[in-house]
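Trainee: Just protein35.cif, nothing more (mmCIF, C-alpha atoms and all ligand atoms):
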data_run
loop_
_atom_site.label_atom_id
_atom_site.label_comp_id
_atom_site.auth_asym_id
_atom_site.auth_seq_id
_atom_site.Cartn_x
_atom_site.Cartn_y
_atom_site.Cartn_z
CA MET A 1395 0.00 0.00 0.00
CA SER A 1396 1.67 3.20 -1.10
CA ASN A 1397 -0.78 5.75 0.27
CA LYS A 1398 -2.64 5.92 3.55
CA ILE A 1399 -6.28 4.95 3.32
CA ASN A 1400 -8.24 7.69 5.04
CA CYS A 1401 -11.62 7.41 6.68
CA LEU A 1402 -12.94 9.60 3.85
CA ASP A 1403 -11.40 10.82 0.59
CA LEU A 1404 -13.21 13.73 -1.07
CA GLN A 1405 -10.66 14.12 -3.87
CA ARG A 1406 -11.69 11.20 -6.04
CA GLN A 1407 -15.40 11.99 -6.09
CA HIS A 1408 -14.75 15.62 -6.97
CA GLN A 1409 -12.36 14.77 -9.77
CA PHE A 1410 -14.98 12.39 -11.20
CA ILE A 1411 -17.76 15.01 -11.33
CA LYS A 1412 -15.61 18.10 -11.90
CA ALA A 1413 -16.53 18.75 -15.55
CA GLU A 1414 -20.25 18.42 -14.88
CA VAL A 1415 -20.14 20.62 -11.81
CA PHE A 1416 -18.09 23.32 -13.52
CA GLU A 1417 -20.49 23.35 -16.44
CA LEU A 1418 -23.40 24.07 -14.10
CA PHE A 1419 -21.32 26.60 -12.13
CA GLU A 1420 -20.94 28.52 -15.41
CA LYS A 1421 -24.71 28.79 -15.66
CA VAL A 1422 -25.10 29.95 -12.05
CA TYR A 1423 -22.39 32.51 -12.72
CA SER A 1424 -23.89 33.87 -15.92
CA ASP A 1425 -27.32 34.08 -14.25
CA THR A 1426 -25.71 35.57 -11.08
CA ALA A 1427 -28.12 33.29 -9.21
CA PHE A 1428 -25.91 33.16 -6.14
CA SER A 1429 -28.47 33.17 -3.32
CA GLY A 1430 -31.71 31.25 -3.58
CA GLY A 1431 -33.22 31.37 -7.07
CA LYS A 1432 -33.60 28.88 -9.88
CA PHE A 1433 -30.79 26.50 -8.98
CA VAL A 1434 -32.00 26.20 -5.40
CA ASP A 1435 -35.59 25.66 -6.59
CA ASP A 1436 -34.38 22.92 -8.94
CA PHE A 1437 -32.43 21.10 -6.29
CA GLU A 1438 -35.30 21.37 -3.81
CA ASN A 1439 -37.58 19.64 -6.31
CA GLU A 1440 -35.00 16.94 -7.01
CA PHE A 1441 -34.45 16.31 -3.32
CA ALA A 1442 -38.19 16.19 -2.54
CA THR A 1443 -38.53 13.55 -5.27
CA PHE A 1444 -35.58 11.65 -3.83
CA CYS A 1445 -37.16 11.63 -0.33
CA ASN A 1446 -40.69 11.00 -1.63
CA THR A 1447 -41.93 14.06 0.23
CA ARG A 1448 -44.13 16.90 -0.99
CA PHE A 1449 -41.65 19.60 0.00
CA SER A 1450 -37.96 20.16 0.47
CA ILE A 1451 -36.61 23.45 1.80
CA GLY A 1452 -32.97 24.33 1.15
CA VAL A 1453 -31.02 26.13 3.87
CA ASN A 1454 -27.43 27.13 4.56
CA ASN A 1455 -26.43 24.06 6.63
CA GLY A 1456 -27.80 21.11 8.57
CA THR A 1457 -27.58 22.88 11.92
CA SER A 1458 -29.87 25.63 10.59
CA ALA A 1459 -32.24 22.94 9.28
CA LEU A 1460 -32.62 21.61 12.83
CA HIS A 1461 -32.88 25.11 14.31
CA LEU A 1462 -35.61 26.27 11.91
CA THR A 1463 -37.49 22.99 12.35
CA LEU A 1464 -37.74 23.52 16.10
CA MET A 1465 -38.79 27.14 15.50
CA ALA A 1466 -41.50 26.02 13.08
CA LEU A 1467 -42.76 23.64 15.78
CA GLY A 1468 -43.00 26.56 18.20
CA ILE A 1469 -40.51 25.08 20.66
CA LYS A 1470 -39.25 27.73 23.03
CA SER A 1471 -37.77 28.60 26.39
CA GLY A 1472 -39.05 26.35 29.17
CA ASP A 1473 -39.65 23.40 26.83
CA GLU A 1474 -37.71 20.14 26.81
CA VAL A 1475 -36.66 18.11 23.79
CA ILE A 1476 -35.40 14.52 23.97
CA VAL A 1477 -32.15 13.95 22.10
CA PRO A 1478 -29.82 10.92 21.97
CA ALA A 1479 -26.54 11.56 23.81
CA ASN A 1480 -24.50 9.89 21.06
CA THR A 1481 -24.88 12.21 18.13
CA PHE A 1482 -23.01 15.07 16.54
CA ILE A 1483 -23.42 18.07 18.85
CA ALA A 1484 -25.52 20.06 16.33
CA THR A 1485 -28.61 17.98 17.19
CA ALA A 1486 -28.44 19.43 20.70
CA TRP A 1487 -27.46 22.94 19.60
CA ALA A 1488 -30.77 23.36 17.80
CA VAL A 1489 -32.63 22.77 21.06
CA SER A 1490 -30.45 25.32 22.84
CA TYR A 1491 -30.83 27.89 20.03
CA VAL A 1492 -34.60 28.07 20.60
CA GLY A 1493 -34.02 28.44 24.35
CA ALA A 1494 -35.27 24.94 25.23
CA THR A 1495 -33.43 22.26 27.20
CA PRO A 1496 -32.00 19.14 25.59
CA VAL A 1497 -32.77 16.02 27.62
CA PHE A 1498 -30.19 13.42 26.71
CA VAL A 1499 -31.10 9.74 26.51
CA ASP A 1500 -28.99 6.64 26.10
CA CYS A 1501 -28.62 4.43 23.03
CA THR A 1502 -29.01 0.67 22.98
CA SER A 1503 -25.84 -1.34 23.57
CA ASP A 1504 -25.95 -3.04 20.16
CA THR A 1505 -27.68 -0.88 17.51
CA TRP A 1506 -26.23 2.32 19.06
CA GLU A 1507 -29.51 4.05 18.13
CA ILE A 1508 -31.79 5.94 20.52
CA ASP A 1509 -33.21 3.36 22.96
CA PRO A 1510 -37.04 3.34 22.97
CA GLU A 1511 -36.96 1.60 26.38
CA VAL A 1512 -35.46 4.61 28.14
CA VAL A 1513 -37.25 7.47 26.38
CA GLU A 1514 -40.55 7.34 28.25
CA ALA A 1515 -38.93 7.74 31.67
CA LYS A 1516 -37.46 11.08 30.51
CA ILE A 1517 -40.79 12.59 29.43
CA THR A 1518 -42.12 15.37 31.69
CA ASN A 1519 -44.95 17.86 31.29
CA LYS A 1520 -42.42 20.19 29.63
CA THR A 1521 -41.41 17.72 26.89
CA LYS A 1522 -42.48 18.90 23.44
CA ALA A 1523 -40.53 16.78 20.96
CA ILE A 1524 -38.19 13.88 20.34
CA ILE A 1525 -35.36 14.21 17.83
CA GLY A 1526 -34.27 10.80 16.57
CA VAL A 1527 -30.92 10.54 14.77
CA HIS A 1528 -30.29 8.03 11.97
CA LEU A 1529 -26.80 7.50 13.30
CA TYR A 1530 -23.98 6.64 10.87
CA GLY A 1531 -26.63 6.35 8.14
CA GLN A 1532 -28.71 3.63 9.83
CA PRO A 1533 -32.35 4.45 10.70
CA PHE A 1534 -33.33 4.32 14.37
CA ASP A 1535 -36.36 2.27 15.46
CA ILE A 1536 -38.87 4.75 14.05
CA ASP A 1537 -42.06 2.79 14.84
CA ALA A 1538 -41.14 2.41 18.51
CA ILE A 1539 -40.12 6.06 18.95
CA SER A 1540 -43.08 7.29 16.91
CA ALA A 1541 -45.50 5.29 19.11
CA ILE A 1542 -44.07 6.97 22.22
CA ALA A 1543 -44.35 10.40 20.57
CA LYS A 1544 -47.99 9.77 19.64
CA LYS A 1545 -48.90 8.43 23.06
CA HIS A 1546 -47.51 11.55 24.79
CA ASN A 1547 -48.56 14.01 22.10
CA LEU A 1548 -44.99 14.96 21.17
CA PHE A 1549 -43.55 16.05 17.84
CA LEU A 1550 -41.13 13.68 16.13
CA VAL A 1551 -38.20 15.14 14.19
CA GLU A 1552 -35.76 13.07 12.16
CA ASP A 1553 -32.14 14.16 12.18
CA ALA A 1554 -31.29 12.59 8.83
CA ALA A 1555 -28.03 14.54 8.39
CA GLN A 1556 -26.15 11.25 7.88
CA ALA A 1557 -28.87 9.28 6.12
CA HIS A 1558 -29.78 10.53 2.60
CA GLY A 1559 -31.59 7.58 1.05
CA ALA A 1560 -31.45 5.21 4.05
CA GLU A 1561 -34.55 3.04 4.42
CA TYR A 1562 -36.74 2.00 7.31
CA LYS A 1563 -39.01 -0.98 6.53
CA GLY A 1564 -38.57 -0.34 2.82
CA LYS A 1565 -39.31 3.39 2.90
CA ARG A 1566 -36.77 6.18 2.62
CA VAL A 1567 -36.21 8.37 5.66
CA GLY A 1568 -37.47 11.94 5.46
CA SER A 1569 -41.21 11.66 6.06
CA PHE A 1570 -41.57 9.71 9.30
CA GLY A 1571 -41.80 12.76 11.57
CA GLU A 1572 -43.24 16.28 11.20
CA MET A 1573 -40.00 17.26 9.47
CA ALA A 1574 -36.66 15.66 8.65
CA CYS A 1575 -33.39 17.58 8.67
CA PHE A 1576 -30.52 16.91 6.29
CA SER A 1577 -26.97 18.19 6.08
CA PHE A 1578 -25.18 18.64 2.79
CA TYR A 1579 -21.84 19.35 4.46
CA PRO A 1580 -19.08 18.26 2.03
CA GLY A 1581 -18.23 15.13 4.02
CA LYS A 1582 -21.80 13.78 4.11
CA ASN A 1583 -22.96 11.11 1.61
CA LEU A 1584 -24.66 13.86 -0.39
CA GLY A 1585 -22.44 16.89 0.19
CA ALA A 1586 -22.30 20.27 -1.52
CA CYS A 1587 -19.22 22.07 -2.78
CA GLY A 1588 -19.70 24.34 0.23
CA GLU A 1589 -22.07 24.40 3.21
CA ALA A 1590 -25.73 23.49 2.78
CA GLY A 1591 -28.66 21.77 4.47
CA GLY A 1592 -32.30 20.94 3.87
CA ILE A 1593 -35.60 20.08 5.49
CA SER A 1594 -38.15 17.68 4.06
CA THR A 1595 -41.81 17.60 5.03
CA ASN A 1596 -45.25 16.70 3.72
CA SER A 1597 -46.87 19.64 5.51
CA GLU A 1598 -47.88 22.70 3.52
CA VAL A 1599 -47.96 24.74 6.74
CA TYR A 1600 -44.41 23.89 7.79
CA ASN A 1601 -43.18 24.34 4.23
CA LYS A 1602 -44.52 27.90 4.08
CA HIS A 1603 -43.31 28.78 7.53
CA LEU A 1604 -39.78 27.42 6.93
CA ARG A 1605 -39.47 29.36 3.67
CA SER A 1606 -40.33 32.54 5.52
CA LEU A 1607 -38.07 31.81 8.51
CA ARG A 1608 -35.00 31.15 6.35
CA ASN A 1609 -35.58 34.43 4.50
CA HIS A 1610 -35.82 37.10 7.24
CA GLY A 1611 -39.37 36.14 8.20
CA SER A 1612 -40.54 37.44 4.86
CA THR A 1613 -42.72 36.17 2.02
CA VAL A 1614 -43.24 39.57 0.41
CA ARG A 1615 -40.04 41.56 -0.01
CA TYR A 1616 -39.40 44.07 2.82
CA HIS A 1617 -42.46 42.89 4.71
CA HIS A 1618 -41.38 40.98 7.81
CA ASP A 1619 -44.14 39.06 9.56
CA GLU A 1620 -41.97 37.63 12.30
CA ILE A 1621 -38.35 37.65 13.41
CA GLY A 1622 -36.57 35.54 10.83
CA TYR A 1623 -33.08 34.58 9.76
CA ASN A 1624 -30.80 34.69 6.77
CA MET A 1625 -30.39 30.95 6.26
CA ARG A 1626 -30.87 30.64 2.52
CA MET A 1627 -29.05 28.08 0.39
CA GLY A 1628 -26.51 29.40 -2.13
CA GLY A 1629 -26.89 28.84 -5.88
CA LEU A 1630 -23.44 27.32 -6.39
CA GLU A 1631 -24.02 24.86 -3.55
CA ALA A 1632 -27.41 23.92 -5.01
CA ALA A 1633 -25.90 23.42 -8.48
CA SER A 1634 -23.22 21.09 -7.11
CA LEU A 1635 -25.93 19.11 -5.32
CA SER A 1636 -28.01 18.80 -8.49
CA VAL A 1637 -25.04 17.10 -10.14
CA LYS A 1638 -24.32 14.84 -7.17
CA ILE A 1639 -27.91 13.75 -6.57
CA LYS A 1640 -27.74 11.94 -9.92
CA TYR A 1641 -25.05 9.69 -8.45
CA ILE A 1642 -26.12 9.35 -4.84
CA SER A 1643 -27.96 6.03 -5.22
CA GLN A 1644 -25.00 4.51 -7.07
CA TRP A 1645 -22.58 5.85 -4.42
CA ASN A 1646 -24.76 4.56 -1.58
CA GLN A 1647 -24.88 1.13 -3.24
CA ARG A 1648 -21.10 1.03 -3.44
CA ARG A 1649 -20.89 1.89 0.27
CA GLN A 1650 -23.40 -0.90 0.99
CA ALA A 1651 -21.28 -3.36 -0.98
CA ILE A 1652 -18.16 -2.37 0.98
CA ALA A 1653 -20.09 -2.64 4.27
CA LYS A 1654 -21.32 -6.09 3.30
CA ARG A 1655 -17.73 -7.21 2.80
CA TYR A 1656 -16.67 -5.70 6.15
CA HIS A 1657 -19.55 -7.54 7.85
CA GLU A 1658 -18.86 -10.87 6.21
CA GLU A 1659 -15.09 -10.87 6.01
CA ILE A 1660 -13.88 -9.13 9.17
CA THR A 1661 -13.93 -12.14 11.46
CA ASN A 1662 -11.69 -10.92 14.28
CA ASP A 1663 -13.73 -11.14 17.48
CA LYS A 1664 -11.85 -8.19 18.99
CA ILE A 1665 -13.86 -6.03 16.57
CA CYS A 1666 -17.53 -5.35 17.28
CA MET A 1667 -19.90 -3.86 14.66
CA GLN A 1668 -23.17 -1.93 14.80
CA LYS A 1669 -26.09 -4.36 14.94
CA GLN A 1670 -28.34 -4.01 11.91
CA PRO A 1671 -31.94 -4.97 12.63
CA GLU A 1672 -33.64 -6.43 9.55
CA TRP A 1673 -35.88 -3.34 9.17
CA THR A 1674 -32.98 -1.00 8.46
CA LYS A 1675 -31.12 -0.29 5.28
CA SER A 1676 -28.14 1.84 6.17
CA ILE A 1677 -26.31 4.03 3.68
CA TYR A 1678 -23.12 3.75 5.79
CA HIS A 1679 -22.21 7.39 6.13
CA LEU A 1680 -19.66 6.00 8.59
CA PHE A 1681 -18.58 2.46 9.36
CA VAL A 1682 -18.02 2.50 13.09
CA VAL A 1683 -16.69 -0.43 15.12
CA THR A 1684 -15.85 -0.79 18.79
CA THR A 1685 -12.94 -2.57 20.43
CA ASP A 1686 -11.73 -3.01 24.03
CA ASP A 1687 -8.39 -1.27 23.60
CA ARG A 1688 -8.97 1.51 21.10
CA ALA A 1689 -5.59 3.18 21.51
CA SER A 1690 -3.83 -0.03 20.59
CA LEU A 1691 -6.01 -0.64 17.52
CA MET A 1692 -5.59 2.98 16.39
CA LYS A 1693 -1.84 2.67 16.54
CA TYR A 1694 -1.88 -0.69 14.77
CA LEU A 1695 -4.04 0.66 11.93
CA ASN A 1696 -1.92 3.77 11.56
CA ASP A 1697 1.19 1.56 11.36
CA HIS A 1698 -0.54 -0.31 8.53
CA ASP A 1699 -1.44 2.76 6.46
CA ILE A 1700 -5.04 3.06 7.62
CA ASN A 1701 -6.26 6.32 9.10
CA PRO A 1702 -9.40 5.69 11.18
CA GLY A 1703 -11.79 8.39 12.45
CA LEU A 1704 -13.54 8.97 15.80
CA HIS A 1705 -17.29 9.60 15.73
CA TYR A 1706 -17.65 10.81 18.41
CA PRO A 1707 -15.18 10.71 21.29
CA ILE A 1708 -17.27 12.68 23.82
CA PRO A 1709 -21.03 12.18 24.18
CA CYS A 1710 -23.17 15.35 24.24
CA HIS A 1711 -24.18 15.06 27.91
CA LEU A 1712 -20.51 15.19 28.99
CA GLN A 1713 -19.54 18.15 26.80
CA LYS A 1714 -18.35 21.21 28.70
CA ALA A 1715 -21.01 23.33 26.98
CA TYR A 1716 -23.69 21.21 28.70
CA SER A 1717 -22.02 20.86 32.08
CA TYR A 1718 -24.69 23.25 33.46
CA LEU A 1719 -27.23 20.46 33.02
CA GLY A 1720 -25.40 18.43 35.67
CA TYR A 1721 -25.03 15.04 33.96
CA GLN A 1722 -22.46 12.79 35.62
CA LYS A 1723 -20.18 10.21 34.08
CA GLY A 1724 -21.96 6.87 34.28
CA SER A 1725 -25.43 8.34 33.73
CA LEU A 1726 -25.76 7.16 30.09
CA PRO A 1727 -23.48 4.12 30.03
CA ASN A 1728 -24.03 2.84 26.49
CA ALA A 1729 -23.35 6.23 24.90
CA GLU A 1730 -20.27 6.60 27.10
CA TYR A 1731 -18.99 3.13 26.21
CA LEU A 1732 -19.40 3.92 22.52
CA ALA A 1733 -17.58 7.25 22.84
CA GLU A 1734 -14.64 5.58 24.57
CA HIS A 1735 -14.36 2.53 22.29
CA CYS A 1736 -15.52 3.61 18.83
CA LEU A 1737 -13.39 3.96 15.75
CA SER A 1738 -14.46 4.65 12.15
CA LEU A 1739 -13.04 2.48 9.37
CA PRO A 1740 -12.43 3.90 5.89
CA MET A 1741 -15.77 4.17 4.10
CA PHE A 1742 -16.43 6.06 0.88
CA ALA A 1743 -17.84 5.06 -2.48
CA GLU A 1744 -14.57 5.52 -4.39
CA MET A 1745 -12.60 3.01 -2.28
CA ASN A 1746 -11.19 0.39 -4.61
CA ASP A 1747 -11.25 -3.35 -3.96
CA GLU A 1748 -7.55 -3.41 -3.15
CA GLU A 1749 -8.10 -0.88 -0.38
CA VAL A 1750 -11.11 -2.76 0.98
CA ASN A 1751 -9.04 -5.98 0.97
CA HIS A 1752 -6.26 -4.22 2.83
CA VAL A 1753 -8.62 -2.98 5.57
CA ILE A 1754 -10.15 -6.44 5.99
CA GLU A 1755 -6.83 -8.31 6.00
CA THR A 1756 -5.23 -5.84 8.37
CA LEU A 1757 -8.09 -6.09 10.87
CA ASN A 1758 -8.11 -9.88 10.70
CA LYS A 1759 -4.40 -9.98 11.53
CA TYR A 1760 -4.83 -7.72 14.56
C1 LIG A 1801 -23.50 16.92 10.17
C2 LIG A 1801 -24.58 16.77 11.18
C3 LIG A 1801 -25.39 17.86 11.58
C4 LIG A 1801 -25.10 19.28 11.21
O1 LIG A 1801 -25.02 19.56 9.88
P1 LIG A 1801 -24.10 20.77 9.35
O2 LIG A 1801 -24.45 20.85 7.91
O3 LIG A 1801 -22.68 20.40 9.59
O4 LIG A 1801 -24.51 22.00 10.10
C5 LIG A 1801 -26.43 17.60 12.44
N1 LIG A 1801 -26.68 16.36 12.90
C6 LIG A 1801 -25.92 15.31 12.57
C7 LIG A 1801 -26.26 13.96 13.12
C8 LIG A 1801 -24.84 15.48 11.72
O5 LIG A 1801 -24.08 14.42 11.40
#
Represent the structure from my file as structure tokens, please.

Mentor:
Amino acid sequence: MSNKINCLDLQRQHQFIKAEVFELFEKVYSDTAFSGGKFVDDFENEFATFCNTRFSIGVNNGTSALHLTLMALGIKSGDEVIVPANTFIATAWAVSYVGATPVFVDCTSDTWEIDPEVVEAKITNKTKAIIGVHLYGQPFDIDAISAIAKKHNLFLVEDAAQAHGAEYKGKRVGSFGEMACFSFYPGKNLGACGEAGGISTNSEVYNKHLRSLRNHGSTVRYHHDEIGYNMRMGGLEAASLSVKIKYISQWNQRRQAIAKRYHEEITNDKICMQKQPEWTKSIYHLFVVTTDDRASLMKYLNDHDINPGLHYPIPCHLQKAYSYLGYQKGSLPNAEYLAEHCLSLPMFAEMNDEEVNHVIETLNKY
């Protein structure tokens, strides 16, 4: 192996689509459609079709998608929102941005998804919503969480930032809750040449409200009906996404083929993988494993030209920013175990078979 195999390589994908992207960039440039406009409208329609939802609203990043979603639900100071502790921090930020309190819950010990068994105990009369995260590209147990939300009259939001095209019981994520939030950060499975995010929904009311909120609370120029934000999607970002969405299913399939090989061919029992219930079809944004002695495995992989990632080394409830909430170490043991023992193997569509072989062989010799 001459070069290190990284967790993610953005170079190859962008070389492959460069001519197509640049051609569309020319059009954005000659139309000076840099903020909102035709190219954003086009991508929104393409993404709504991809998610099988009536509407898709483009915004400036995935964090804003979550923030505006909670605003559209009317969540505010004094409210509580249930969030898994093992997620990227932005899921929790959105709750804080609207002045509400994130209430962190544990994941299961094997699927690493939000644990339906522990959610109900965290519901109080202040709870307004549950945000489920399709972690690493694998859908959480939507039926179980949705049943709890219905029973307690709570909103359900999908954080699908890592899960463009993932399926739950044969249906793509994006329409299981009131709204679903996506990130098009460059490193995501569907990533822009720049920062971008989106919200999908089947609700006309949320669609209208989100379009106003992202554009200074305005539907008629210089008339501001409520305090809004500048969270529009850029035209160049949208154009790059319109090119990439043509390939996303093919890229996801390649990731699924690599994951299948990892599952079948990595036979070392020092390596533990995310359990995949039969109702999920992951798109493997990340391929995370756990092992008893992570430091030793990290060093071993690095010595063998493999550069693993860490997603994520500190769970949300133990972040300094949330120390005011008073969570102690030991309070959410499965999320803490994962944070301390996880490691992300190389996973991207452009990995060649030689590289996949090398990862498998190296792990089996560990
Ligand atoms: C990436 C990500 C976000 C935030 O998206 P940005 O586009 O980076 O703002 C939110 N939630 C999860 C689970 C993510 O992975």

Trainee: In Å, rounded to a single decimal, give me how far atom CA of Val1512 of chain A is from atom CA of Val1682 of chain A.

Mentor: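 Atom-to-atom, atom CA of Val1682 of chain A and atom CA of Val1512 of chain A are spaced 23.1 Å apart.
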
Trainee: Write out as a tab-separated table the residues of chain A that have any atom within 8 Å of an atom of ligand LIG 1801 (chain A), one row each with the nearest atom pair and its distance in Å to one decimal, counting all atoms listed in the file, sorted by chain and then rising number.

Mentor:
residue	atom	partner	partner_atom	distance
A:Asn1454	CA	A:LIG1801	O2	7.7
A:Asn1455	CA	A:LIG1801	O2	4.0
A:Gly1456	CA	A:LIG1801	O2	3.4
A:Thr1457	CA	A:LIG1801	O4	3.7
A:Ser1458	CA	A:LIG1801	O4	6.5
A:Ala1459	CA	A:LIG1801	O4	7.8
A:Leu1460	CA	A:LIG1801	C5	7.4
A:Thr1481	CA	A:LIG1801	C7	5.5
A:Phe1482	CA	A:LIG1801	C7	4.8
A:Ile1483	CA	A:LIG1801	N1	7.0
A:Ala1484	CA	A:LIG1801	C5	4.7
A:Thr1485	CA	A:LIG1801	N1	5.0
A:Val1527	CA	A:LIG1801	C7	6.0
A:His1528	CA	A:LIG1801	C7	7.3
A:Leu1529	CA	A:LIG1801	C7	6.5
A:Tyr1530	CA	A:LIG1801	O5	7.8
A:Asp1553	CA	A:LIG1801	N1	5.9
A:Ala1554	CA	A:LIG1801	C7	6.8
A:Ala1555	CA	A:LIG1801	C8	4.7
A:Gln1556	CA	A:LIG1801	O5	5.2
A:Cys1575	CA	A:LIG1801	C5	7.9
A:Phe1576	CA	A:LIG1801	O1	7.1
A:Ser1577	CA	A:LIG1801	O2	4.1
A:Phe1578	CA	A:LIG1801	O2	5.6
A:Tyr1579	CA	A:LIG1801	O2	4.6
A:Lys1582	CA	A:LIG1801	C1	7.0
A:Glu1589	CA	A:LIG1801	O2	6.4
A:Ala1590	CA	A:LIG1801	O2	5.9
A:Gly1591	CA	A:LIG1801	O2	5.5

Trainee: From the set A:Tyr1706, A:Tyr1562, A:Phe1449, A:Phe1410, which residue has the shortest atom-to-atom contact distance to Thr1684 of chain A, counting only C-alpha atoms?

Mentor: A:Tyr1706

Trainee: Set the distance at 10 Å and use all atoms listed in the file: which residues neighbour Cys1710 of chain A once local chain neighbours fewer than 5 positions away are removed? I'd like the list as a list in words.

Mentor: Val1477, Pro1478, Ala1479, Asn1480, Thr1481, Phe1482, Ile1483, Ala1484, Thr1485, Ala1486, Trp1487, Pro1496, Phe1498, Val1499, Ala1715, Tyr1716, Ser1717, Tyr1721, Ala1729, Glu1730 and Ala1733 of chain A

Trainee: Could you please take those selected residues and save C-alpha atoms as an mmCIF file, keeping the file's coordinate frame?

Mentor:
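Dumped to selection_4.cif:
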data_model
loop_
_atom_site.group_PDB
_atom_site.id
_atom_site.type_symbol
_atom_site.label_atom_id
_atom_site.label_comp_id
_atom_site.auth_asym_id
_atom_site.auth_seq_id
_atom_site.Cartn_x
_atom_site.Cartn_y
_atom_site.Cartn_z
ATOM 1 C CA VAL A 1477 -32.150 13.950 22.100
ATOM 2 C CA PRO A 1478 -29.820 10.920 21.970
ATOM 3 C CA ALA A 1479 -26.540 11.560 23.810
ATOM 4 C CA ASN A 1480 -24.500 9.890 21.060
ATOM 5 C CA THR A 1481 -24.880 12.210 18.130
ATOM 6 C CA PHE A 1482 -23.010 15.070 16.540
ATOM 7 C CA ILE A 1483 -23.420 18.070 18.850
ATOM 8 C CA ALA A 1484 -25.520 20.060 16.330
ATOM 9 C CA THR A 1485 -28.610 17.980 17.190
ATOM 10 C CA ALA A 1486 -28.440 19.430 20.700
ATOM 11 C CA TRP A 1487 -27.460 22.940 19.600
ATOM 12 C CA PRO A 1496 -32.000 19.140 25.590
ATOM 13 C CA PHE A 1498 -30.190 13.420 26.710
ATOM 14 C CA VAL A 1499 -31.100 9.740 26.510
ATOM 15 C CA ALA A 1715 -21.010 23.330 26.980
ATOM 16 C CA TYR A 1716 -23.690 21.210 28.700
ATOM 17 C CA SER A 1717 -22.020 20.860 32.080
ATOM 18 C CA TYR A 1721 -25.030 15.040 33.960
ATOM 19 C CA ALA A 1729 -23.350 6.230 24.900
ATOM 20 C CA GLU A 1730 -20.270 6.600 27.100
ATOM 21 C CA ALA A 1733 -17.580 7.250 22.840
#

Trainee: So what do you get for atom CA of Ile1399 of chain A versus atom CA of Leu1691 of chain A, distance-wise?

Mentor: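 Separation of atom CA of Ile1399 of chain A and atom CA of Leu1691 of chain A: 15.3 Å.
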